[in-house]
Every structure is written in C-alpha cells, then in structure tokens.
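Inspection log for the structure reproduced underneath, given as structure tokens.
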Amino acid sequence: MRGLIFDPFAGISGDMVLGALVDLGLPAEWLREVIDSLRLEGMAVHVSRTERAGVSCGRVEFELPHEHRHRSLSDVLEVVDGARVATDVRDRAGRVFRRIAQAEAEVHGIDIEAVHFHEVGALDTILDVLCAVGGVAALGYDVFYARPVAVGRGYIDIAHGRYPVPAPATARLLAGLEVVDSGFDGECTTPTGAALLAELTGGRRTPAVTVGRSGFGAGTRNPSDRPNCLRLIECEAVEAEEALFVVQADVDDMPPEYAAAVQQAALDAGARDAVVVHVGAKKGRPAIRLEMLVDRSRLDGVQRALFTGSSTIGVRYWPVERSTLARREVVVEWRGQRIRLKRVRLPDGTERSKPEYDDVERAARALGIAAYEARLAIDREIEAKAKE
C-alpha cells in the first residue's frame with residue numbers, strides 16, 4: 001500500500017500540508033482547477049519555493065476576497081459540495097469540518113449548527129481542507145500515519161480571550177494523537193492542521209515501512225532557530241492481512257434481478273469481492289450462488305447483508321488462504337485526463353499495469369471516444385514508455 005507519514009515536528013497547519021504536497025509533486029494547475037470549480041469570484045493561488053532555516057520548502061498562498069460574514073457548518077459544507085472533485089474527497093473534507101465544528105460546540109456547550117466559523121470558516125481554510133484531502137488522493141496515497149505532533153507552548157489570543165497552547169478546540173481535535181512539547185513558543189498546530197491529521201491518520205503510528213521521498217511545506221512564520229515546516233514522508237506499507245473467509249449462499253426462490261442488489265449490499269458491508277454464479281440446485285431447479293471473499297472482522301456484517309437482502313435461510317463459510325502480487329497505484333496524465341494505474345510486480349520482477357475502469361470511462365466521455373478505444377490507446381502508450 002502506498003502510504004504517507006505526517007511528521008509534524010514543528011506543528012501542522014493547512015497551508016503547511018499543501019506546501020509539502022506541492023513539494024511531492026502536486027501540480028499548481030490542479031490547485032487552480034479546484035479553486036475554479038467553486039465558481040467564487042476573486043480567488044487565485046500562488047505556488048512558490050521558500051526556505052525555512054536552511055530547508056527548501058513548498059509554499060502555497062491563496063489570494064481571496066475579503067469577507068465580513070461568518071459561516072455555519074451548513075454554509076461551509078455547501079461550498080465544499082460545490083467543488084468539482086470526487087465524491088469521496090468532498091465527503092472526507094466534510095468530515096474534517098464536522099470535526100472542527102463538533103470540537104467548538106463541545107468547548108462552548110452549544111449546538112453544532114450554532115457554531116460560527118471564524119478563521120476556520122474563512123475561504124482560505126475551506127481551500128486548505130479541500131485541497132489537502134483532494135491532493136493526497138490525486139497523488140495516489142491510500143494510508144496515512146502520524147508521528148508525534150508539536151503543539152507549541154505559552155499563550156495565544158483568540159476571539160474569546162487569552163488561552164494556553166493548544167487552544168481548547170485544538171486540544172479536543174488532537175485526542176488520540178501523540179503530542180510532544182517541542183519547546184517552541186506560540187501555537188504550532190492549528191485547528192485545521194489537527195483536524196486534517198485526525199481525519200486522515202486516525203492516530204495510526206508508523207509501522208515497519210520502506211520510506212521514499214520527503215516533501216516539506218513551509219509555515220507562515222520564519223524563525224531563525226528552527227525550520228518551521230511540515231515533513232511528509234512517502235512509504236510503502238505492507239500490513240498483515242486478516243484471516244479471509246469464503247462465504248456462500250445458494251438461492252433458488254428469489255427473482256434473479258435482485259441478485260445485483262444483494263451483491264452490492266455485501267460489498268457495502270465490507271466484502272473484498274462478491275460474485276454471482278448461476279448453478280443447478282436440487283430437483284433440477286435453477287439457482288443463484290452468492291459468493292464473497294470476506295475478512296474475519298467483516299464476517300458478521302456480510303452475513304447480515306445476505307440474510308436481510310436475499311431469501312436465503314442459510315449461509316456457509318470457511319477459512320481460505322490466497323497468494324497476491326505486490327501492488328501499488330500510480331497516477332498518470334493521458335491526453336489531459338487523470339488516470340490511475342494499478343501496477344503489480346510479477347515473480348520475475350517485471351511489472352504490468354492496468355488502468356482503473358472508472359478513470360478510463362470518464363476520460364473516454366470527456367474526449368468523445370469509446371471506452372475500449374481509450375483503454376487500448378492507454379495500454380499502447382504505457383508499453384511504449386516502458387520500452388524507452
């Protein structure tokens with residue numbers, strides 16, 4: 001699995017995350033497309049390189065219109081939902097803002113919809129969150145880990161007065177994450193940075209991994225005694241696989257057109273794979289076999305999906321072992337379209353690639369060609385590049 005380690009040795013904020021993603025290869029044009037998709041006037045993004053105590057960093061700054069309004073959670077989610085990004089990116093960005101709103105609501109003892117977003121509701125923070133969760137997806141990372149978070153020390157002045165670092169809402173957002181006193185004065189970790197870290201990593205600590213490139217994102221301040229930046233470290237993570245089970249149910253008294261709905265319900269319940277096979281049952285009756293590959297932890301949920309979604313009165317299952325090829329996902333640009341490729345390594349060390357169908361179909365529609373024609377063209381170009 002392609003992973004990303006968050007190393008907030010000097011803290012974390014939204015703009016630090018974006019700067020580090022740019023340093024790892026997130027295109028400035030991608031950021032501009034996300035901003036343009038919001039269809040709000042007077043916004044622009046500036047991407048540059050800067051230095052923090054001798055460390056070369058990416059820097060992302062947004063040019064935004066001045067706003068006098070405060071936004072509720074519903075207002076923020078409305079802006080997020082208007083972005084032209086994948087549904088899972090919008091959903092994850094929404095969860096980040098719900099975390100922030102919930103923390104504020106708990107601190108002040110009010111309903112979550114009564115929270116007035118001040119700094120966190122400003123357009124620049126909406127863009128920080130949206131571009132951060134979209135950026136990690138665009139770069140192909142699918143698992144995230146957190147190293148200890150520097151929170152700073154001393155006091156900060158916020159709308160409600162002077163508070164110790166970390167601020168009350170930030171402290172709630174950091175629940176479950178390991179923090180350290182780095183000795184740095186002032187606020188090192190912002191609510192936005194804490195919420196992003198909590199949502200993406202869930203507090204997962206770094207397991208044994210193979211590390212790759214590092215990217216650095218600059219913070220706003222530039223102290224002379226330390227590099228005020230966030231480090232993101234690419235890694236390849238191979239996690240222990242749970243025990244797997246084959247789950248089967250044979251059904252001979254359900255209209256076959258409902259099989260697809262049961263298949264999807266099993267996948268939604270966590271099945272790794274689900275197939276429908278036509279079989280001959282006893283007394284010569286035609287029947288449908290629903291068969292799934294399921295992790296032990298998902299076994300009960302998948303069985304419930306079969307019992308409630310089909311007419312079966314019995315489910316059988318047994319443990320199974322399997323062999324898999326090492327795999328990873330990379331993202332390429334083909335004729336202006338973003339295509340995810342699944343790469344697997346064969347036993348002899350060679351690799352083969354397969355483009356994701358959803359990306360091929362989307363690219364084909366955008367270019368006005370048949371999906372299979374697009375697939376063949378992508379395969380030819382991949383093979384040609386491999387021979388270069």
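Please note that chains go A, B, ... in the order of the structure tokens, that every chain numbers its residues from 1, and that ligands are numbered from 1 in the order shown.
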Original post:
Counting only C-alpha atoms, what is within 8 Å of Leu230 (chain A), bar same-chain residues fewer than 3 positions away, as a PyMOL selection string?
Top reply: chain A and resi 6-12+16-17+20+216-219
Subject >> DSSP helix (DSSP H, G or I) residues within region 17-245 of chain A, listed as a PyMOL selection string >> reply: chain A and resi 17-23+28-37+73-81+87-108+112-114+123-138+168-173+191-201
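Residues in contact with Met43 (chain A) at up to 8 Å, not including ones fewer than 2 positions away on its chain and judged by only C-alpha atoms, are Ile35, Leu40, Glu41, Val45, Phe62, Glu63, Leu64 and Pro65 of chain A.
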List as a short mmCIF file (atom, residue, chain, number, x, y, z; two decimals) with C-alpha atoms, in the first residue's frame the protein and nucleic acid residues near region 255-262 of chain A, meaning an atom at most 8 Å away when only C-alpha atoms are counted, but skip any in the same chain fewer than 6 places from it.
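Result file follows (part-v9.cif):
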```cif
data_model
loop_
_atom_site.label_atom_id
_atom_site.label_comp_id
_atom_site.auth_asym_id
_atom_site.auth_seq_id
_atom_site.Cartn_x
_atom_site.Cartn_y
_atom_site.Cartn_z
CA VAL A 276 -22.98 -14.17 -8.64
CA ILE A 288 -28.08 -18.38 -7.89
CA LEU A 290 -23.84 -15.64 -3.96
CA ALA A 305 -26.47 -8.43 4.46
CA LEU A 306 -27.16 -11.85 2.91
CA GLY A 309 -31.14 -8.80 1.37
CA SER A 310 -31.95 -12.22 -0.03
#
```
**OP:** For Gln303 (chain A), work out the shell of residues within 12 Å, counting only C-alpha atoms and skipping chain neighbours fewer than 3 positions away, then give it as number ranges by chain.
**Re:** A: 245-249, 262-263, 265-271, 290-300, 306-310, 312-317
Original post:
Which residues come within 12 Å of region 372-381 of chain A, counting only C-alpha atoms, excluding same-chain residues fewer than 5 positions away, as a ChimeraX atom specification?
Top reply: /A:332-335,337-341,352-367,386-388
**OP:** Excluding Val136 (chain A) and any residue of its chain fewer than 5 positions from it, enumerate the residues within 8 Å of it, using only C-alpha atoms, and give them as an NGL selection string.
**Re:** :A and (21 or 141-142)
Subject >> Pick from A:Arg343, A:Arg98, A:Arg231, A:Arg49, whichever lies nearest to Ser74 (chain A) using only C-alpha atoms >> reply: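 Between A:Arg343, A:Arg98, A:Arg231, A:Arg49, the residue approaching Ser74 (chain A) most closely is A:Arg98.
Closest to Asn222 (chain A) among A:Ile112, A:Val209, A:Cys57, A:Met1 is A:Cys57, based on only C-alpha atoms.
Pairwise distance (CA of Gly183 (chain A), CA of Leu196 (chain A)) equals 23.0 Å.
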**OP:** Just give me the gap between CA of Ala243 (chain A) and CA of Trp318 (chain A) in Å, one decimal is fine.
**Re:**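 One can read the CA of Ala243 (chain A) to CA of Trp318 (chain A) distance as 10.4 Å.
Note that CA of Lys342 (chain A) and CA of Asp128 (chain A) are 28.4 Å apart.
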